[in-house]
$ cat entry.pdb   # PDB, C-alpha atoms, pLDDT in the B column
ATOM      1  CA  MET O   1       3.328  13.198  30.562  1.00 49.00           C
ATOM      2  CA  GLY O   2       4.411   9.571  30.367  1.00 55.00           C
ATOM      3  CA  LYS O   3       5.136   7.590  27.261  1.00 60.00           C
ATOM      4  CA  TYR O   4       2.522   5.176  25.950  1.00 56.00           C
ATOM      5  CA  LYS O   5       3.332   1.851  24.355  1.00 57.00           C
ATOM      6  CA  HIS O   6       1.819   0.948  21.015  1.00 57.00           C
ATOM      7  CA  HIS O   7      -0.743  -1.842  21.436  1.00 59.00           C
ATOM      8  CA  PHE O   8      -2.439  -1.761  18.053  1.00 72.00           C
ATOM      9  CA  LYS O   9      -1.753  -3.737  14.914  1.00 79.00           C
ATOM     10  CA  GLU O  10      -3.171  -2.843  11.560  1.00 82.00           C
ATOM     11  CA  PRO O  11      -5.656  -5.535  10.465  1.00 88.00           C
ATOM     12  CA  TRP O  12      -4.741  -7.442   7.295  1.00 88.00           C
ATOM     13  CA  LYS O  13      -7.997  -6.268   5.668  1.00 92.00           C
ATOM     14  CA  ARG O  14      -6.948  -2.639   6.054  1.00 91.00           C
ATOM     15  CA  SER O  15      -3.532  -3.368   4.537  1.00 87.00           C
ATOM     16  CA  LEU O  16      -5.218  -5.177   1.651  1.00 89.00           C
ATOM     17  CA  ALA O  17      -7.652  -2.301   1.027  1.00 93.00           C
ATOM     18  CA  LYS O  18      -4.824   0.248   1.071  1.00 89.00           C
ATOM     19  CA  ALA O  19      -2.856  -1.867  -1.389  1.00 79.00           C
ATOM     20  CA  ALA O  20      -5.853  -2.161  -3.748  1.00 85.00           C
ATOM     21  CA  VAL O  21      -6.553   1.587  -3.806  1.00 91.00           C
ATOM     22  CA  TYR O  22      -2.865   2.342  -4.310  1.00 84.00           C
ATOM     23  CA  ARG O  23      -2.673  -0.144  -7.190  1.00 81.00           C
ATOM     24  CA  VAL O  24      -5.582   1.486  -9.055  1.00 87.00           C
ATOM     25  CA  PHE O  25      -3.761   4.808  -8.876  1.00 91.00           C
ATOM     26  CA  ILE O  26      -0.487   3.231 -10.021  1.00 86.00           C
ATOM     27  CA  LEU O  27      -2.255   1.353 -12.843  1.00 90.00           C
ATOM     28  CA  LEU O  28      -3.430   4.637 -14.298  1.00 93.00           C
ATOM     29  CA  LEU O  29       0.025   6.183 -13.961  1.00 94.00           C
ATOM     30  CA  ASP O  30       1.758   3.135 -15.485  1.00 93.00           C
ATOM     31  CA  PHE O  31      -0.558   3.008 -18.463  1.00 96.00           C
ATOM     32  CA  THR O  32      -0.336   6.749 -19.091  1.00 97.00           C
ATOM     33  CA  VAL O  33       3.461   6.944 -18.932  1.00 96.00           C
ATOM     34  CA  VAL O  34       4.070   3.848 -21.065  1.00 96.00           C
ATOM     35  CA  TYR O  35       1.503   4.982 -23.615  1.00 98.00           C
ATOM     36  CA  ILE O  36       3.089   8.453 -23.832  1.00 98.00           C
ATOM     37  CA  LEU O  37       6.523   6.868 -24.356  1.00 97.00           C
ATOM     38  CA  THR O  38       5.452   4.219 -26.903  1.00 97.00           C
ATOM     39  CA  ARG O  39       2.151   5.471 -28.353  1.00 98.00           C
ATOM     40  CA  ARG O  40       1.026   1.831 -28.289  1.00 98.00           C
ATOM     41  CA  TYR O  41      -1.996   0.693 -26.294  1.00 97.00           C
ATOM     42  CA  ASP O  42      -0.985  -2.988 -26.402  1.00 97.00           C
ATOM     43  CA  ILE O  43       2.418  -2.385 -24.816  1.00 97.00           C
ATOM     44  CA  ALA O  44       0.977   0.015 -22.241  1.00 97.00           C
ATOM     45  CA  LEU O  45      -1.778  -2.452 -21.330  1.00 96.00           C
ATOM     46  CA  GLY O  46       0.625  -5.402 -21.119  1.00 95.00           C
ATOM     47  CA  PHE O  47       3.044  -3.514 -18.898  1.00 94.00           C
ATOM     48  CA  MET O  48       0.195  -2.310 -16.705  1.00 91.00           C
ATOM     49  CA  VAL O  49      -1.140  -5.830 -16.114  1.00 90.00           C
ATOM     50  CA  ILE O  50       2.216  -7.515 -15.447  1.00 92.00           C
ATOM     51  CA  SER O  51       3.590  -4.788 -13.211  1.00 88.00           C
ATOM     52  CA  ASN O  52       0.348  -4.677 -11.228  1.00 84.00           C
ATOM     53  CA  ILE O  53       0.681  -8.325 -10.238  1.00 86.00           C
ATOM     54  CA  TYR O  54       4.190  -8.278  -8.798  1.00 88.00           C
ATOM     55  CA  THR O  55       4.057  -4.787  -7.307  1.00 83.00           C
ATOM     56  CA  THR O  56       0.761  -5.453  -5.494  1.00 81.00           C
ATOM     57  CA  VAL O  57       2.292  -8.456  -3.756  1.00 89.00           C
ATOM     58  CA  GLY O  58       5.387  -6.414  -2.930  1.00 91.00           C
ATOM     59  CA  TYR O  59       3.391  -3.508  -1.530  1.00 85.00           C
ATOM     60  CA  TYR O  60       1.239  -5.762   0.661  1.00 91.00           C
ATOM     61  CA  ALA O  61       4.340  -7.510   2.066  1.00 94.00           C
ATOM     62  CA  HIS O  62       5.959  -4.106   2.673  1.00 94.00           C
ATOM     63  CA  GLU O  63       2.910  -2.904   4.641  1.00 89.00           C
ATOM     64  CA  ARG O  64       2.828  -6.038   6.799  1.00 94.00           C
ATOM     65  CA  VAL O  65       6.525  -5.752   7.637  1.00 95.00           C
ATOM     66  CA  TRP O  66       6.200  -2.065   8.543  1.00 91.00           C
ATOM     67  CA  ASP O  67       3.206  -2.829  10.777  1.00 90.00           C
ATOM     68  CA  ARG O  68       5.536  -4.931  12.950  1.00 92.00           C
ATOM     69  CA  ILE O  69       8.007  -2.065  13.376  1.00 91.00           C
ATOM     70  CA  LYS O  70       7.189  -0.044  16.488  1.00 87.00           C
ATOM     71  CA  TRP O  71       9.365   2.956  15.529  1.00 87.00           C
ATOM     72  CA  GLY O  72       7.340   6.123  15.052  1.00 86.00           C
ATOM     73  CA  LYS O  73       4.063   4.749  16.411  1.00 81.00           C
ATOM     74  CA  VAL O  74       2.513   6.466  19.406  1.00 78.00           C
ATOM     75  CA  MET O  75      -0.608   5.881  21.433  1.00 76.00           C
ATOM     76  CA  THR O  76      -2.521   8.864  22.724  1.00 69.00           C
ATOM     77  CA  LYS O  77      -4.640   8.970  25.855  1.00 69.00           C
ATOM     78  CA  ASN O  78      -7.766   8.955  23.651  1.00 65.00           C
ATOM     79  CA  SER O  79      -6.787   5.754  21.800  1.00 57.00           C
ATOM     80  CA  SER O  80      -9.210   2.872  22.054  1.00 56.00           C
ATOM     81  CA  ASN O  81      -8.574  -0.881  21.896  1.00 53.00           C
ATOM     82  CA  ARG O  82     -11.734  -1.431  19.860  1.00 51.00           C
ATOM     83  CA  ARG O  83     -11.519  -2.231  16.163  1.00 47.00           C
TER      84      ARG O  83
END

$ encode --input "entry.pdb" --output "C-alpha coordinates"
Amino acid sequence: MGKYKHHFKEPWKRSLAKAAVYRVFILLLDFTVVYILTRRYDIALGFMVISNIYTTVGYYAHERVWDRIKWGKVMTKNSSNRR
(Lines of atoms letter the chains of each structure in order from A and count residues from 1; the text may use other names and numbers.)
(Lines give C-alpha, C1' and ligand atoms only; values in the text may rest on other atoms or scores of the structure.)
Protein backbone atom coordinates (compact mmCIF):
# COMPACT_ATOMS: atom_id res chain seq x y z
CA MET A 1 0.00 0.00 0.00
CA GLY A 2 1.51 3.30 -1.08
CA LYS A 3 1.06 6.65 0.57
CA TYR A 4 -1.37 9.14 -0.93
CA LYS A 5 -0.80 12.87 -0.98
CA HIS A 6 -3.50 15.20 0.27
CA HIS A 7 -5.02 17.14 -2.64
CA PHE A 8 -8.07 18.64 -0.97
CA LYS A 9 -8.57 21.99 0.69
CA GLU A 10 -11.51 22.80 2.87
CA PRO A 11 -13.68 25.44 1.15
CA TRP A 12 -14.01 28.76 2.97
CA LYS A 13 -17.80 28.29 3.13
CA ARG A 14 -17.37 25.08 5.12
CA SER A 15 -14.97 26.79 7.54
CA LEU A 16 -17.44 29.65 7.93
CA ALA A 17 -20.37 27.29 8.59
CA LYS A 18 -18.35 25.34 11.17
CA ALA A 19 -17.40 28.58 12.90
CA ALA A 20 -21.04 29.76 13.01
CA VAL A 21 -22.35 26.52 14.52
CA TYR A 22 -19.52 26.47 17.05
CA ARG A 23 -20.23 30.08 18.03
CA VAL A 24 -23.92 29.36 18.76
CA PHE A 25 -22.86 26.60 21.12
CA ILE A 26 -20.26 28.83 22.79
CA LEU A 27 -22.76 31.71 23.07
CA LEU A 28 -25.05 29.53 25.14
CA LEU A 29 -22.17 28.35 27.33
CA ASP A 30 -20.82 31.90 27.81
CA PHE A 31 -24.18 33.31 28.78
CA THR A 32 -24.96 30.44 31.15
CA VAL A 33 -21.63 30.54 32.99
CA VAL A 34 -21.52 34.34 33.33
CA TYR A 35 -25.13 34.43 34.48
CA ILE A 36 -24.49 31.71 37.09
CA LEU A 37 -21.46 33.65 38.38
CA THR A 38 -23.09 37.12 38.43
CA ARG A 39 -26.85 36.48 38.48
CA ARG A 40 -27.14 39.46 36.12
CA TYR A 41 -28.63 39.14 32.64
CA ASP A 42 -27.13 42.44 31.44
CA ILE A 43 -23.56 41.43 32.24
CA ALA A 44 -24.05 37.93 30.82
CA LEU A 45 -25.57 39.33 27.62
CA GLY A 46 -22.86 41.97 27.22
CA PHE A 47 -20.07 39.44 27.70
CA MET A 48 -21.75 37.03 25.30
CA VAL A 49 -22.00 39.62 22.51
CA ILE A 50 -18.47 41.03 22.85
CA SER A 51 -16.74 37.69 23.22
CA ASN A 52 -18.66 36.29 20.25
CA ILE A 53 -17.25 38.94 17.93
CA TYR A 54 -13.54 38.49 18.62
CA THR A 55 -13.60 34.73 19.16
CA THR A 56 -15.51 34.07 15.91
CA VAL A 57 -12.83 35.90 13.94
CA GLY A 58 -10.13 34.02 15.84
CA TYR A 59 -11.74 30.63 15.26
CA TYR A 60 -12.19 31.25 11.52
CA ALA A 61 -8.53 32.32 11.17
CA HIS A 62 -7.46 29.24 13.17
CA GLU A 63 -9.42 26.93 10.83
CA ARG A 64 -7.92 28.51 7.71
CA VAL A 65 -4.38 28.18 9.04
CA TRP A 66 -4.91 24.53 10.01
CA ASP A 67 -6.34 23.77 6.55
CA ARG A 68 -2.93 24.68 5.10
CA ILE A 69 -1.11 22.24 7.38
CA LYS A 70 -0.75 18.85 5.70
CA TRP A 71 0.15 16.97 8.91
CA GLY A 72 -2.40 14.31 9.80
CA LYS A 73 -4.37 14.50 6.55
CA VAL A 74 -4.64 11.36 4.45
CA MET A 75 -6.31 10.55 1.17
CA THR A 76 -7.91 7.16 0.74
CA LYS A 77 -8.32 5.28 -2.52
CA ASN A 78 -12.05 6.13 -2.45
CA SER A 79 -11.48 9.90 -2.18
CA SER A 80 -12.94 12.02 -4.94
CA ASN A 81 -11.78 15.37 -6.33
CA ARG A 82 -15.36 16.59 -6.66
CA ARG A 83 -16.74 19.17 -4.26

$ residues_around --input "entry.pdb" --residues "stretch 21-36 of chain O" --least-positions-apart "5" --cutoff "12 Å" --atoms "all atoms listed in the file" --output "number ranges by chain"
O: 14-16, 41-60, 63

$ atom_distance --input "entry.pdb" --atom1 "atom CA of O:His62" --atom2 "atom CA of O:Trp12"
12.1 Å

$ residues_near_point --input "entry.pdb" --point "(-2.7, -7.9, 14.4)" --cutoff "10 Å" --atoms "all atoms listed in the file" --output "list in words"
His7, Phe8, Lys9, Glu10, Pro11, Trp12, Arg64, Asp67 and Arg68 of chain O
